Structures are given as C-alpha cells and as structure tokens.
file protein31.csv (CSV, C-alpha atoms)
chain,number,residue,atom,x,y,z
A,1,MET,CA,-37.1,-13.2,0.5
A,2,GLY,CA,-37.5,-9.9,-1.3
A,3,HIS,CA,-38.1,-11.1,-4.8
A,4,GLY,CA,-40.3,-14.0,-3.8
A,5,PRO,CA,-44.1,-14.0,-3.7
A,6,LEU,CA,-45.7,-12.1,-0.9
A,7,GLU,CA,-47.8,-13.8,1.7
A,8,SER,CA,-51.1,-12.4,2.5
A,9,GLY,CA,-51.0,-9.8,5.3
A,10,THR,CA,-47.5,-8.5,4.5
A,11,SER,CA,-47.1,-5.0,3.5
A,12,ALA,CA,-46.6,-4.2,-0.2
A,13,ALA,CA,-46.1,-1.1,-2.3
A,14,SER,CA,-48.3,-0.1,-5.2
A,15,SER,CA,-46.9,0.4,-8.7
A,16,SER,CA,-46.5,4.1,-7.8
A,17,GLU,CA,-44.0,2.8,-5.1
A,18,ALA,CA,-46.1,4.1,-2.2
A,19,PRO,CA,-46.5,1.6,0.6
A,20,ARG,CA,-50.0,0.1,0.5
A,21,ALA,CA,-51.7,-2.7,2.2
A,22,PRO,CA,-52.7,-5.5,-0.2
A,23,ALA,CA,-56.3,-6.6,-0.5
A,24,ALA,CA,-57.3,-9.3,1.8
A,25,GLY,CA,-56.1,-12.6,0.5
A,26,LEU,CA,-53.9,-11.1,-2.2
A,27,ARG,CA,-51.2,-13.6,-2.9
A,28,CYS,CA,-48.8,-13.9,-5.8
A,29,ALA,CA,-48.3,-17.3,-7.2
A,30,ARG,CA,-44.8,-18.5,-7.2
A,31,GLY,CA,-43.1,-17.3,-10.4
A,32,TRP,CA,-45.9,-14.9,-11.1
A,33,ALA,CA,-44.9,-11.3,-11.4
A,34,HIS,CA,-47.9,-9.3,-10.3
A,35,HIS,CA,-47.2,-5.5,-10.5
A,36,ARG,CA,-48.3,-5.1,-6.9
A,37,CYS,CA,-46.2,-7.9,-5.5
A,38,VAL,CA,-43.0,-6.2,-4.5
A,39,PRO,CA,-40.2,-7.1,-2.2
A,40,ARG,CA,-40.8,-6.5,1.5
A,41,GLY,CA,-39.7,-3.2,2.9
A,42,PRO,CA,-36.7,-4.5,5.0
A,43,ASP,CA,-35.2,-6.1,1.9
A,44,VAL,CA,-35.6,-2.9,-0.1
A,45,LEU,CA,-33.9,-1.0,2.6
A,46,GLY,CA,-31.0,-3.5,2.6
A,47,ALA,CA,-31.6,-4.8,6.1
A,48,GLU,CA,-31.8,-8.4,4.9
A,49,GLY,CA,-28.4,-9.9,4.9
A,50,GLY,CA,-27.3,-7.6,7.7
A,51,ASN,CA,-24.1,-5.7,7.9
A,52,ARG,CA,-22.3,-7.9,5.5
A,53,SER,CA,-24.8,-7.1,2.7
A,54,ARG,CA,-24.6,-3.4,3.6
A,55,ALA,CA,-20.8,-3.4,3.5
A,56,LEU,CA,-20.8,-5.2,0.2
A,57,ARG,CA,-23.3,-2.7,-1.3
A,58,LEU,CA,-21.1,0.2,-0.1
A,59,LEU,CA,-18.1,-1.5,-1.6
A,60,GLY,CA,-19.9,-2.1,-4.8
A,61,ALA,CA,-21.1,1.5,-4.9
A,62,ALA,CA,-17.6,2.7,-4.4
A,63,GLY,CA,-16.4,0.4,-7.2
A,64,LEU,CA,-19.1,1.6,-9.5
A,65,LEU,CA,-18.3,5.2,-8.7
A,66,LEU,CA,-14.7,4.5,-9.4
A,67,LEU,CA,-15.6,3.0,-12.8
A,68,VAL,CA,-17.7,6.0,-13.8
A,69,VAL,CA,-15.3,8.7,-12.5
A,70,GLY,CA,-12.3,6.9,-13.8
A,71,GLY,CA,-13.7,6.3,-17.2
A,72,PHE,CA,-15.7,9.4,-17.9
A,73,THR,CA,-13.6,12.1,-16.2
A,74,PRO,CA,-10.0,13.1,-16.7
A,75,LEU,CA,-9.2,11.9,-13.2
A,76,ALA,CA,-6.6,9.4,-14.3
A,77,ASN,CA,-4.9,11.9,-16.7
A,78,VAL,CA,-4.7,14.5,-13.9
A,79,LEU,CA,-3.2,11.9,-11.4
A,80,ASN,CA,-0.8,10.7,-14.1
A,81,ARG,CA,0.5,14.2,-14.8
A,82,TRP,CA,0.7,15.0,-11.1
A,83,MET,CA,2.7,11.8,-10.3
A,84,ALA,CA,5.1,12.4,-13.2
A,85,GLY,CA,6.4,15.8,-12.1
A,86,PRO,CA,7.8,18.4,-14.4
A,87,ILE,CA,9.5,17.8,-17.7
A,88,GLU,CA,13.1,19.2,-17.7
A,89,LEU,CA,14.7,18.9,-21.1
A,90,ARG,CA,18.2,20.1,-20.3
A,91,PRO,CA,21.6,18.7,-21.2
A,92,ALA,CA,22.6,15.7,-19.1
A,93,HIS,CA,25.5,13.2,-19.0
A,94,ALA,CA,23.3,10.3,-20.0
A,95,ILE,CA,19.8,9.5,-21.2
A,96,VAL,CA,18.5,6.6,-19.2
A,97,VAL,CA,15.7,4.4,-20.6
A,98,PRO,CA,14.4,1.8,-18.1
A,99,GLY,CA,12.8,-1.4,-19.4
A,100,ARG,CA,9.1,-1.5,-20.0
A,101,GLY,CA,7.2,-4.4,-21.4
A,102,GLY,CA,10.0,-6.0,-23.3
A,103,VAL,CA,9.3,-7.4,-26.7
A,104,ASP,CA,6.5,-9.2,-28.4
A,105,THR,CA,6.8,-12.7,-29.7
A,106,ASP,CA,8.1,-11.4,-33.0
A,107,ALA,CA,11.0,-9.6,-31.1
A,108,VAL,CA,9.5,-6.2,-31.9
A,109,LEU,CA,9.4,-3.8,-28.9
A,110,THR,CA,6.1,-3.3,-27.2
A,111,ASN,CA,4.3,-0.1,-27.6
A,112,ALA,CA,5.4,1.4,-24.3
A,113,SER,CA,9.0,0.3,-24.8
A,114,LEU,CA,9.1,1.6,-28.4
A,115,ARG,CA,7.8,5.0,-27.3
A,116,ARG,CA,10.5,5.4,-24.7
A,117,THR,CA,13.2,4.3,-27.1
A,118,LEU,CA,12.1,6.7,-29.8
A,119,ARG,CA,11.9,9.6,-27.4
A,120,ALA,CA,15.4,8.8,-26.1
A,121,ILE,CA,16.8,8.7,-29.6
A,122,ALA,CA,15.1,12.0,-30.5
A,123,LEU,CA,16.6,13.6,-27.3
A,124,GLN,CA,20.0,12.3,-28.2
A,125,GLN,CA,19.7,13.6,-31.7
A,126,LYS,CA,18.8,17.0,-30.3
A,127,GLY,CA,22.2,17.0,-28.6
A,128,LEU,CA,20.9,16.8,-25.0
A,129,SER,CA,23.3,14.0,-24.1
A,130,PRO,CA,26.1,12.0,-25.8
A,131,LEU,CA,25.0,8.7,-24.2
A,132,ILE,CA,21.8,6.6,-24.2
A,133,VAL,CA,21.5,3.8,-21.6
A,134,PHE,CA,19.0,1.1,-22.3
A,135,ALA,CA,17.9,-1.2,-19.5
A,136,GLY,CA,15.4,-4.0,-19.4
A,137,ALA,CA,15.4,-7.7,-20.4
A,138,ASP,CA,18.0,-8.9,-22.8
A,139,ALA,CA,15.6,-9.2,-25.8
A,140,GLU,CA,14.3,-5.7,-25.1
A,141,ILE,CA,17.8,-4.2,-24.9
A,142,ASP,CA,18.8,-5.9,-28.1
A,143,ALA,CA,15.8,-4.6,-30.0
A,144,ARG,CA,16.4,-1.1,-28.6
A,145,VAL,CA,20.0,-1.1,-29.6
A,146,LEU,CA,19.2,-2.4,-33.1
A,147,LEU,CA,16.6,0.4,-33.5
A,148,ALA,CA,18.9,3.1,-32.2
A,149,ARG,CA,21.7,1.9,-34.5
A,150,GLY,CA,19.3,1.8,-37.4
A,151,LEU,CA,18.2,5.4,-36.7
A,152,GLY,CA,21.8,6.6,-36.9
A,153,ILE,CA,22.9,6.6,-33.2
A,154,ALA,CA,26.6,5.7,-33.0
A,155,ALA,CA,27.6,2.4,-31.4
A,156,GLU,CA,29.7,4.2,-28.8
A,157,SER,CA,26.7,6.3,-27.8
A,158,VAL,CA,24.6,3.3,-26.7
A,159,LEU,CA,25.2,1.6,-23.4
A,160,PRO,CA,23.2,-1.6,-22.6
A,161,ALA,CA,22.5,-2.1,-18.9
A,162,ARG,CA,21.8,-5.8,-18.6
A,163,GLY,CA,20.9,-8.0,-15.7
A,164,ALA,CA,18.2,-6.2,-13.8
A,165,ASN,CA,14.7,-7.6,-13.3
A,166,THR,CA,13.1,-4.9,-11.2
A,167,THR,CA,13.2,-1.1,-10.9
A,168,ARG,CA,15.3,-1.4,-7.8
A,169,GLU,CA,17.8,-3.7,-9.5
A,170,GLU,CA,17.9,-1.3,-12.4
A,171,ALA,CA,18.8,1.6,-10.2
A,172,ALA,CA,21.6,-0.4,-8.6
A,173,LEU,CA,22.9,-1.5,-12.0
A,174,LEU,CA,22.9,2.0,-13.3
A,175,GLU,CA,24.8,3.2,-10.3
A,176,GLY,CA,27.5,0.6,-11.0
A,177,LEU,CA,27.6,1.4,-14.7
A,178,LEU,CA,27.4,5.2,-14.7
A,179,LYS,CA,29.1,6.4,-11.6
A,180,PRO,CA,32.6,5.2,-12.8
A,181,ARG,CA,32.0,7.1,-16.0
A,182,GLY,CA,31.4,10.3,-14.0
A,183,VAL,CA,27.7,10.5,-14.9
A,184,ALA,CA,25.8,12.5,-12.3
A,185,ARG,CA,23.0,14.2,-14.2
A,186,ILE,CA,20.6,12.0,-16.2
A,187,LEU,CA,17.6,12.5,-18.4
A,188,LEU,CA,15.1,9.8,-17.4
A,189,VAL,CA,12.9,8.7,-20.2
A,190,ALA,CA,10.0,6.7,-18.9
A,191,ASP,CA,6.2,6.7,-19.0
A,192,SER,CA,4.7,9.3,-16.7
A,193,ILE,CA,3.3,6.5,-14.5
A,194,ASP,CA,6.7,5.1,-13.9
A,195,MET,CA,8.5,8.3,-13.1
A,196,PRO,CA,8.0,8.7,-9.3
A,197,ARG,CA,9.5,5.4,-8.1
A,198,THR,CA,12.3,5.3,-10.7
A,199,ARG,CA,13.2,8.9,-10.0
A,200,ALA,CA,13.2,8.4,-6.3
A,201,LEU,CA,15.4,5.3,-6.5
A,202,LEU,CA,17.9,7.0,-8.8
A,203,GLU,CA,18.1,10.1,-6.7
A,204,ALA,CA,18.6,8.0,-3.6
A,205,ARG,CA,21.8,6.7,-5.4
A,206,GLY,CA,23.1,10.1,-5.9
A,207,PHE,CA,21.9,11.0,-9.4
A,208,THR,CA,20.4,14.3,-10.4
A,209,VAL,CA,17.3,13.2,-12.4
A,210,LEU,CA,15.8,15.4,-15.1
A,211,GLY,CA,12.3,14.3,-16.2
A,212,ALA,CA,11.9,13.5,-19.8
A,213,GLN,CA,8.8,11.4,-19.6
A,214,THR,CA,6.8,10.3,-22.6
A,215,LEU,CA,4.0,12.6,-21.6
A,216,ASP,CA,1.0,13.3,-23.7
A,217,GLY,CA,-2.4,14.6,-22.9
A,218,GLY,CA,-3.5,11.2,-21.7
A,219,PRO,CA,-6.1,9.0,-23.1
A,220,SER,CA,-9.6,10.4,-23.8
A,221,GLU,CA,-11.5,7.1,-24.2
A,222,PRO,CA,-13.1,5.5,-21.2
A,223,GLU,CA,-11.4,2.1,-21.6
A,224,SER,CA,-8.0,3.7,-22.0
A,225,ARG,CA,-8.6,5.9,-19.0
A,226,LEU,CA,-9.6,2.9,-16.9
A,227,HIS,CA,-6.5,1.1,-18.1
A,228,LEU,CA,-4.4,4.1,-17.0
A,229,LEU,CA,-6.2,4.1,-13.6
A,230,ARG,CA,-5.3,0.4,-13.2
A,231,GLU,CA,-1.6,1.3,-14.0
A,232,ILE,CA,-1.7,4.0,-11.4
A,233,GLY,CA,-3.1,1.6,-8.8
A,234,ILE,CA,-0.3,-0.9,-9.6
A,235,GLU,CA,2.3,1.8,-9.3
A,236,LEU,CA,0.9,3.1,-6.0
A,237,ALA,CA,0.9,-0.5,-4.7
A,238,ALA,CA,4.6,-0.9,-5.8
A,239,TRP,CA,5.4,2.4,-4.2
A,240,CYS,CA,3.9,1.3,-0.9
A,241,TYR,CA,5.7,-2.1,-1.1
A,242,TYR,CA,9.0,-0.3,-1.7
A,243,ARG,CA,8.3,2.0,1.3
A,244,VAL,CA,7.5,-0.9,3.5
A,245,ARG,CA,10.7,-2.7,2.5
A,246,GLY,CA,12.7,0.5,3.2
A,247,TRP,CA,13.9,0.9,-0.4
A,248,LEU,CA,12.4,4.4,-0.8
B,8,MET,CA,-15.4,16.0,-21.8
B,9,TYR,CA,-15.3,14.9,-25.4
B,10,LEU,CA,-18.7,14.3,-26.9
B,11,GLU,CA,-17.5,10.8,-28.1
B,12,THR,CA,-17.2,9.6,-24.6
B,13,LEU,CA,-21.0,10.1,-24.1
B,14,VAL,CA,-21.8,7.6,-26.8
B,15,VAL,CA,-21.5,4.5,-24.7
B,16,PRO,CA,-23.4,5.9,-21.6
B,17,ALA,CA,-26.1,7.3,-23.9
B,18,LEU,CA,-26.5,3.9,-25.5
B,19,VAL,CA,-26.8,2.2,-22.1
B,20,LEU,CA,-29.4,4.7,-21.0
B,21,VAL,CA,-31.5,4.1,-24.1
B,22,THR,CA,-31.4,0.3,-23.8
B,23,SER,CA,-32.1,0.5,-20.1
B,24,GLY,CA,-35.1,2.7,-20.8
B,25,GLY,CA,-36.3,0.2,-23.4
B,26,VAL,CA,-35.9,-2.7,-21.0
B,27,TRP,CA,-37.7,-0.8,-18.3
B,28,LEU,CA,-40.7,-0.3,-20.6
B,29,VAL,CA,-40.7,-3.9,-21.7
B,30,GLY,CA,-40.2,-5.2,-18.2
B,31,THR,CA,-43.0,-3.1,-16.6
B,32,ARG,CA,-45.5,-3.1,-19.5
B,33,ARG,CA,-45.1,-6.5,-21.2
B,34,LEU,CA,-43.6,-8.7,-18.6
B,35,GLY,CA,-45.5,-7.2,-15.7
B,36,LEU,CA,-42.4,-6.8,-13.5
B,37,PRO,CA,-43.0,-4.8,-10.3
B,38,ARG,CA,-41.5,-1.4,-10.6
B,39,ALA,CA,-40.5,-1.3,-7.0
B,40,GLY,CA,-38.5,-4.5,-7.6
B,41,LEU,CA,-35.9,-2.4,-9.4
B,42,LEU,CA,-34.4,-1.0,-6.2
B,43,PRO,CA,-33.6,-4.4,-4.6
B,44,ALA,CA,-32.3,-5.5,-8.0
B,45,GLY,CA,-29.9,-2.6,-7.9
B,46,ALA,CA,-28.9,-3.5,-4.4
B,47,ARG,CA,-28.1,-7.0,-5.5
B,48,MET,CA,-26.0,-5.7,-8.3
B,49,LEU,CA,-24.1,-3.6,-5.9
B,50,GLU,CA,-23.5,-6.7,-3.7
B,51,ALA,CA,-22.2,-8.5,-6.7
B,52,ILE,CA,-19.8,-5.7,-7.6
B,53,GLY,CA,-18.7,-5.6,-4.0
B,54,LEU,CA,-18.0,-9.3,-4.1
B,55,LEU,CA,-16.1,-8.9,-7.3
B,56,MET,CA,-13.9,-6.4,-5.5
B,57,VAL,CA,-13.4,-8.7,-2.6
B,58,PHE,CA,-12.5,-11.7,-4.8
B,59,LEU,CA,-10.2,-9.4,-6.9
B,60,ALA,CA,-8.4,-8.3,-3.8
B,61,LEU,CA,-8.1,-11.9,-2.5
B,62,ASN,CA,-6.7,-13.1,-5.8
B,63,LEU,CA,-4.2,-10.2,-6.1
B,64,GLY,CA,-3.2,-10.5,-2.5
B,65,LEU,CA,-2.7,-14.2,-2.7
B,66,GLY,CA,-0.9,-14.0,-6.1
B,67,GLY,CA,1.4,-11.3,-4.7
B,68,ILE,CA,2.3,-13.3,-1.7
B,69,ALA,CA,2.8,-16.4,-3.8
B,70,ILE,CA,5.2,-14.6,-6.2
B,71,LEU,CA,7.2,-13.0,-3.4
B,72,ALA,CA,7.4,-16.4,-1.6
B,73,TRP,CA,8.6,-18.0,-4.9
B,74,ARG,CA,11.3,-15.4,-5.2
B,75,GLY,CA,12.3,-15.9,-1.6
B,76,ILE,CA,12.3,-19.7,-1.6
B,77,THR,CA,13.8,-20.4,-5.1
B,78,GLY,CA,15.9,-17.3,-5.6
B,79,ARG,CA,14.5,-17.1,-9.1
B,80,PHE,CA,12.7,-14.1,-10.4
B,81,ALA,CA,9.0,-13.9,-11.1
B,82,SER,CA,7.4,-10.6,-12.0
B,83,LEU,CA,4.6,-9.2,-10.0
B,84,TYR,CA,3.3,-7.9,-13.3
B,85,LEU,CA,2.1,-11.4,-14.0
B,86,LEU,CA,-0.9,-10.4,-12.0
B,87,ASN,CA,-1.6,-7.4,-14.3
B,88,ASP,CA,-3.9,-9.4,-16.5
B,89,ALA,CA,-7.5,-8.6,-17.4
B,90,THR,CA,-8.5,-12.3,-17.1
B,91,LEU,CA,-8.0,-12.1,-13.4
B,92,GLY,CA,-10.8,-9.6,-13.3
B,93,VAL,CA,-13.0,-11.8,-15.4
B,94,PHE,CA,-12.4,-14.9,-13.3
B,95,SER,CA,-13.0,-12.8,-10.1
B,96,LEU,CA,-16.3,-11.7,-11.6
B,97,ILE,CA,-17.3,-15.3,-12.2
B,98,GLN,CA,-16.3,-16.2,-8.6
B,99,ALA,CA,-18.3,-13.3,-7.3
B,100,LEU,CA,-21.4,-14.2,-9.3
B,101,ILE,CA,-21.3,-17.8,-8.3
B,102,PHE,CA,-20.8,-17.0,-4.7
B,103,HIS,CA,-23.5,-14.3,-4.8
B,104,TRP,CA,-26.1,-16.7,-6.2
B,105,TRP,CA,-25.1,-19.4,-3.8
B,106,TRP,CA,-25.5,-16.9,-0.9
B,107,GLN,CA,-28.9,-15.9,-2.3
B,108,GLU,CA,-30.1,-19.4,-2.2
B,109,ARG,CA,-29.4,-19.6,1.5
B,110,ARG,CA,-31.2,-16.3,2.1
B,111,LYS,CA,-34.4,-17.5,0.4
call {"tool": "encode", "arguments": {"input": "protein31.csv", "output": "structure tokens"}}
result
Amino acid sequence: MGHGPLESGTSAASSSEAPRAPAAGLRCARGWAHHRCVPRGPDVLGAEGGNRSRALRLLGAAGLLLLVVGGFTPLANVLNRWMAGPIELRPAHAIVVPGRGGVDTDAVLTNASLRRTLRAIALQQKGLSPLIVFAGADAEIDARVLLARGLGIAAESVLPARGANTTREEAALLEGLLKPRGVARILLVADSIDMPRTRALLEARGFTVLGAQTLDGGPSEPESRLHLLREIGIELAAWCYYRVRGWL
Amino acid sequence: MYLETLVVPALVLVTSGGVWLVGTRRLGLPRAGLLPAGARMLEAIGLLMVFLALNLGLGGIAILAWRGITGRFASLYLLNDATLGVFSLIQALIFHWWWQERRK
C-alpha cells in the first residue's frame, strides 16, 4: 500500500523526490513517518487500483477543473447569455411571465419570481403591451397579481394562467388562453436560463416570442457562478429530456 | 476577473503552504507522499460525482415513475437541493475509505 511503511529492499524516493535505493535494512515502523519512506512507485503513478482508480481520478480531475473554471471564470455568465438569445423590447400583444420558484412560507414571492414580476410590470408601464399574463402555482399567481395591482396595473390588464405544473403545461395553457384573444406576439419575461426551452415551446405553438429576459451581467462571485452553472446543467438536462420525449 | 474573487484562492494557497511547511518540517511527513494524496483526493471527487449522478438519476426515475403511476405531480426540481451534494460526498468518502481498506 502506498502510504504504508516500506519493506526493506523496495525502491524509495529521497526527500528531493528522486528515486533512490534505501540503505540496507531501512524500514519504517508502522505509523512512523520517515521522510524517506515514501509510497512505492506504482502507487504514485496510479497503477494501483487499476483502471477503475485511473477513471475515477480522471473524473475527479474533470470535476475539479469544472469547479475552478466555473467558479473563477465568466464561463457560466457567457453560457447564460448565449442560451438566452437577444433581448427584443418591442410592442407585443401580451407580456407572459412563467412561474418560477413560487412563494416563500410567508407568501412573499421568491427572488426569481419577484424579479420577473417587477420587470413585467415595468414593461407594461412603458406601454409595450396592454396585458400581463402570470403563470405558475396558485399562490405565486396570487402574490404576483396582488403586487401588480398594488403597483397600479389595472385589473383588466392582468390575466392569471392557472393550472400548469411544468413548462410544457404552461405553453399549452397559454395557447388555450391567448389564441382566442388574438394574441400572436408575446414578450416573454423569464430568467435568461429559462428562455431557450420556454421560447421553443411557445414558438412551437405558433407564438412569435420576443425576449425580455431578466438579464444582467451575471454573478461575479464564485459561489453564485457555480450556482448558475448548476442551473445551466439542470436546464440542459431538461432540454434533453424534452427532446427525447419529442416535445421540442 | 474581479480582484475580490482572488481572495478565497489566495487564502487557500497561504494555508496550504503553511500546512506543507508544518507537515514536512514538524511532522516529518514525506514530501513525495503528497502526490499520492492528491491522487486519492481526485478519486474521492470522482466518487462524489458518481454518487451524485446515481442519486440524481435514481431520483429522476422515481419522480417520473411517481407521476406515471399515481397521475399526481411531483417536481423534478425537488432534486435541485444542495443537501444531495453533501450526502453524496459523505457516501463517496465512506466508500472511498472502505475501498482503501481492501487495497491495503
């Protein structure tokens, strides 16, 4: 075993890490860390444990690399912007705000949901569309409608889209709600990360989708970047799942 | 790159250097032992990724099966929880040490 004591006659490396034969009879007592008692060569080279060990080490190295690159470079931010596509703030028939995160236990919108809601309200107040459509869980929709009404949006300008649990169900629900109203062009307000799949699903149902994502420069702290990278991974997995199921 | 992002890596480098000095000079640890130790660390991270993939895969299948069998909705986002990573790490470390025992 590499980190165990060396038997006499086995090769060893000196403290300068150059291979060197030990003096005759040199033996490290168990548990004694002599500076010349080093792991045997094959273990250092990773041969011990065979291919499984080598594969695990490669996998571990890849994970570590991902951690460093994801946390300390703008990789996640670049991917996020690329996935979101362009922002197109032009007049539309409706502003659509998909659900995201719901509400906390105190019935207040989560951070992501609040950001979307406020952006949609701001776009409506700029006159880009007469109608805001809020989707999501019931509690989330209620909180969004309450907030919009509190910020001066007229009741007739707010349309709740209730009853969908997934992005795919939201798209179907929106089709049923908006097509009869003659809505064809929509401003989609979502996080950048959620744009590709939602956009594709809505376009597949005949909507012209204008991107109005809650885009910012992206996080600059390593932890937040790693969180974003995780979100990207989840979204890519969801995209693959939708592709496999034939929904995209 | 913002300078602030370098604080954490710099801190880790400083403490690693300190531990290197203490390990080699005071505890008499073999310098060449660092390389295999790094290799063990990579194995543990590799195992962490394996366990994470297993947990996510099994969790995803279970949720989809639940939806299919009961007709009731359960969100796949249930799996988006940092504790899953922590538990996967614990699984990986236990398995790694167990495996090490056999290799001795």
call {"tool": "atom_distance", "arguments": {"input": "protein31.csv", "atom1": "CA of Leu159 (chain A)", "atom2": "CA of Leu118 (chain A)"}}
result
15.4 Å
call {"tool": "interface_residues", "arguments": {"input": "protein31.csv", "of": "chain B", "to": "chain A", "cutoff": "10 Å", "atoms": "all atoms listed in the file", "output": "MDAnalysis selection string"}}
result
chainID B and resid 8:9 11:13 15:16 31:32 34:57 80:84 86:87 89 106:108 110:111
call {"tool": "write_last_selection", "arguments": {"input": "protein31.csv", "atoms": "C-alpha atoms", "output": "CSV table (one decimal), in the frame of the given file"}}
result
chain,number,residue,atom,x,y,z
B,8,MET,CA,-15.4,16.0,-21.8
B,9,TYR,CA,-15.3,14.9,-25.4
B,11,GLU,CA,-17.5,10.8,-28.1
B,12,THR,CA,-17.2,9.6,-24.6
B,13,LEU,CA,-21.0,10.1,-24.1
B,15,VAL,CA,-21.5,4.5,-24.7
B,16,PRO,CA,-23.4,5.9,-21.6
B,31,THR,CA,-43.0,-3.1,-16.6
B,32,ARG,CA,-45.5,-3.1,-19.5
B,34,LEU,CA,-43.6,-8.7,-18.6
B,35,GLY,CA,-45.5,-7.2,-15.7
B,36,LEU,CA,-42.4,-6.8,-13.5
B,37,PRO,CA,-43.0,-4.8,-10.3
B,38,ARG,CA,-41.5,-1.4,-10.6
B,39,ALA,CA,-40.5,-1.3,-7.0
B,40,GLY,CA,-38.5,-4.5,-7.6
B,41,LEU,CA,-35.9,-2.4,-9.4
B,42,LEU,CA,-34.4,-1.0,-6.2
B,43,PRO,CA,-33.6,-4.4,-4.6
B,44,ALA,CA,-32.3,-5.5,-8.0
B,45,GLY,CA,-29.9,-2.6,-7.9
B,46,ALA,CA,-28.9,-3.5,-4.4
B,47,ARG,CA,-28.1,-7.0,-5.5
B,48,MET,CA,-26.0,-5.7,-8.3
B,49,LEU,CA,-24.1,-3.6,-5.9
B,50,GLU,CA,-23.5,-6.7,-3.7
B,51,ALA,CA,-22.2,-8.5,-6.7
B,52,ILE,CA,-19.8,-5.7,-7.6
B,53,GLY,CA,-18.7,-5.6,-4.0
B,54,LEU,CA,-18.0,-9.3,-4.1
B,55,LEU,CA,-16.1,-8.9,-7.3
B,56,MET,CA,-13.9,-6.4,-5.5
B,57,VAL,CA,-13.4,-8.7,-2.6
B,80,PHE,CA,12.7,-14.1,-10.4
B,81,ALA,CA,9.0,-13.9,-11.1
B,82,SER,CA,7.4,-10.6,-12.0
B,83,LEU,CA,4.6,-9.2,-10.0
B,84,TYR,CA,3.3,-7.9,-13.3
B,86,LEU,CA,-0.9,-10.4,-12.0
B,87,ASN,CA,-1.6,-7.4,-14.3
B,89,ALA,CA,-7.5,-8.6,-17.4
B,106,TRP,CA,-25.5,-16.9,-0.9
B,107,GLN,CA,-28.9,-15.9,-2.3
B,108,GLU,CA,-30.1,-19.4,-2.2
B,110,ARG,CA,-31.2,-16.3,2.1
B,111,LYS,CA,-34.4,-17.5,0.4
call {"tool": "atom_distance", "arguments": {"input": "protein31.csv", "atom1": "CA of Arg144 (chain A)", "atom2": "CA of Thr214 (chain A)"}}
result
16.1 Å
call {"tool": "atom_distance", "arguments": {"input": "protein31.csv", "atom1": "CA of Leu18 (chain B)", "atom2": "CA of Ser224 (chain A)"}}
result
18.8 Å
call {"tool": "closest_residue", "arguments": {"input": "protein31.csv", "among": "A:Ser129, A:Ser192, A:Asn77, A:Ser157", "to": "Arg90 (chain A)", "atoms": "only C-alpha atoms"}}
result
A:Ser129
call {"tool": "closest_residue", "arguments": {"input": "protein31.csv", "among": "A:Arg162, A:Arg205, A:Lys126, A:Arg199", "to": "Ile141 (chain A)", "atoms": "only C-alpha atoms"}}
result
A:Arg162
call {"tool": "closest_residue", "arguments": {"input": "protein31.csv", "among": "B:Arg74, B:Arg109, B:Val14, B:Asn62", "to": "Phe94 (chain B)", "atoms": "all atoms listed in the file"}}
result
B:Asn62
call {"tool": "closest_residue", "arguments": {"input": "protein31.csv", "among": "A:Ile186, A:Ala164, A:Leu146, A:Met195", "to": "Ile232 (chain A)", "atoms": "all atoms listed in the file"}}
result
A:Met195
call {"tool": "closest_residue", "arguments": {"input": "protein31.csv", "among": "A:Thr208, A:Leu75, A:Val145, A:Asn51", "to": "Ala94 (chain A)", "atoms": "all atoms listed in the file"}}
result
A:Thr208
call {"tool": "residues_around", "arguments": {"input": "protein31.csv", "residues": "Asp194 (chain A)", "least_positions_apart": "4", "cutoff": "12 Å", "atoms": "all atoms listed in the file", "output": "MDAnalysis selection string"}}
result
chainID A and resid 80:85 97:100 112 116 167 188:190 198:201 211:215 228 231:236 238:239
call {"tool": "write_last_selection", "arguments": {"input": "protein31.csv", "atoms": "C-alpha atoms", "output": "JSON list (two decimals), in the coordinates of the input"}}
result
[["chain", "number", "residue", "atom", "x", "y", "z"],
["A", 80, "ASN", "CA", -0.80, 10.70, -14.10],
["A", 81, "ARG", "CA", 0.50, 14.20, -14.80],
["A", 82, "TRP", "CA", 0.70, 15.00, -11.10],
["A", 83, "MET", "CA", 2.70, 11.80, -10.30],
["A", 84, "ALA", "CA", 5.10, 12.40, -13.20],
["A", 85, "GLY", "CA", 6.40, 15.80, -12.10],
["A", 97, "VAL", "CA", 15.70, 4.40, -20.60],
["A", 98, "PRO", "CA", 14.40, 1.80, -18.10],
["A", 99, "GLY", "CA", 12.80, -1.40, -19.40],
["A", 100, "ARG", "CA", 9.10, -1.50, -20.00],
["A", 112, "ALA", "CA", 5.40, 1.40, -24.30],
["A", 116, "ARG", "CA", 10.50, 5.40, -24.70],
["A", 167, "THR", "CA", 13.20, -1.10, -10.90],
["A", 188, "LEU", "CA", 15.10, 9.80, -17.40],
["A", 189, "VAL", "CA", 12.90, 8.70, -20.20],
["A", 190, "ALA", "CA", 10.00, 6.70, -18.90],
["A", 198, "THR", "CA", 12.30, 5.30, -10.70],
["A", 199, "ARG", "CA", 13.20, 8.90, -10.00],
["A", 200, "ALA", "CA", 13.20, 8.40, -6.30],
["A", 201, "LEU", "CA", 15.40, 5.30, -6.50],
["A", 211, "GLY", "CA", 12.30, 14.30, -16.20],
["A", 212, "ALA", "CA", 11.90, 13.50, -19.80],
["A", 213, "GLN", "CA", 8.80, 11.40, -19.60],
["A", 214, "THR", "CA", 6.80, 10.30, -22.60],
["A", 215, "LEU", "CA", 4.00, 12.60, -21.60],
["A", 228, "LEU", "CA", -4.40, 4.10, -17.00],
["A", 231, "GLU", "CA", -1.60, 1.30, -14.00],
["A", 232, "ILE", "CA", -1.70, 4.00, -11.40],
["A", 233, "GLY", "CA", -3.10, 1.60, -8.80],
["A", 234, "ILE", "CA", -0.30, -0.90, -9.60],
["A", 235, "GLU", "CA", 2.30, 1.80, -9.30],
["A", 236, "LEU", "CA", 0.90, 3.10, -6.00],
["A", 238, "ALA", "CA", 4.60, -0.90, -5.80],
["A", 239, "TRP", "CA", 5.40, 2.40, -4.20]]
call {"tool": "decode", "arguments": {"input": "protein31.csv", "residues": "region 12-19 of chain B", "atoms": "N, CA and C atoms", "output": "short mmCIF file (atom, residue, chain, number, x, y, z; two decimals), in the first residue's frame"}}
result
data_model
loop_
_atom_site.label_atom_id
_atom_site.label_comp_id
_atom_site.auth_asym_id
_atom_site.auth_seq_id
_atom_site.Cartn_x
_atom_site.Cartn_y
_atom_site.Cartn_z
N THR B 12 -12.47 38.10 -6.31
CA THR B 12 -12.61 36.65 -6.49
C THR B 12 -11.31 35.91 -6.17
N LEU B 13 -10.21 36.66 -6.09
CA LEU B 13 -8.93 36.01 -5.81
C LEU B 13 -8.69 35.82 -4.32
N VAL B 14 -9.55 36.42 -3.50
CA VAL B 14 -9.34 36.36 -2.05
C VAL B 14 -9.36 34.91 -1.56
N VAL B 15 -10.39 34.17 -1.95
CA VAL B 15 -10.54 32.80 -1.46
C VAL B 15 -9.40 31.90 -1.95
N PRO B 16 -9.08 31.90 -3.27
CA PRO B 16 -7.95 31.07 -3.69
C PRO B 16 -6.64 31.47 -3.01
N ALA B 17 -6.45 32.77 -2.81
CA ALA B 17 -5.21 33.22 -2.16
C ALA B 17 -5.15 32.69 -0.73
N LEU B 18 -6.27 32.74 -0.05
CA LEU B 18 -6.33 32.24 1.32
C LEU B 18 -5.99 30.75 1.36
N VAL B 19 -6.55 30.02 0.42
CA VAL B 19 -6.31 28.57 0.37
C VAL B 19 -4.85 28.27 0.07
#
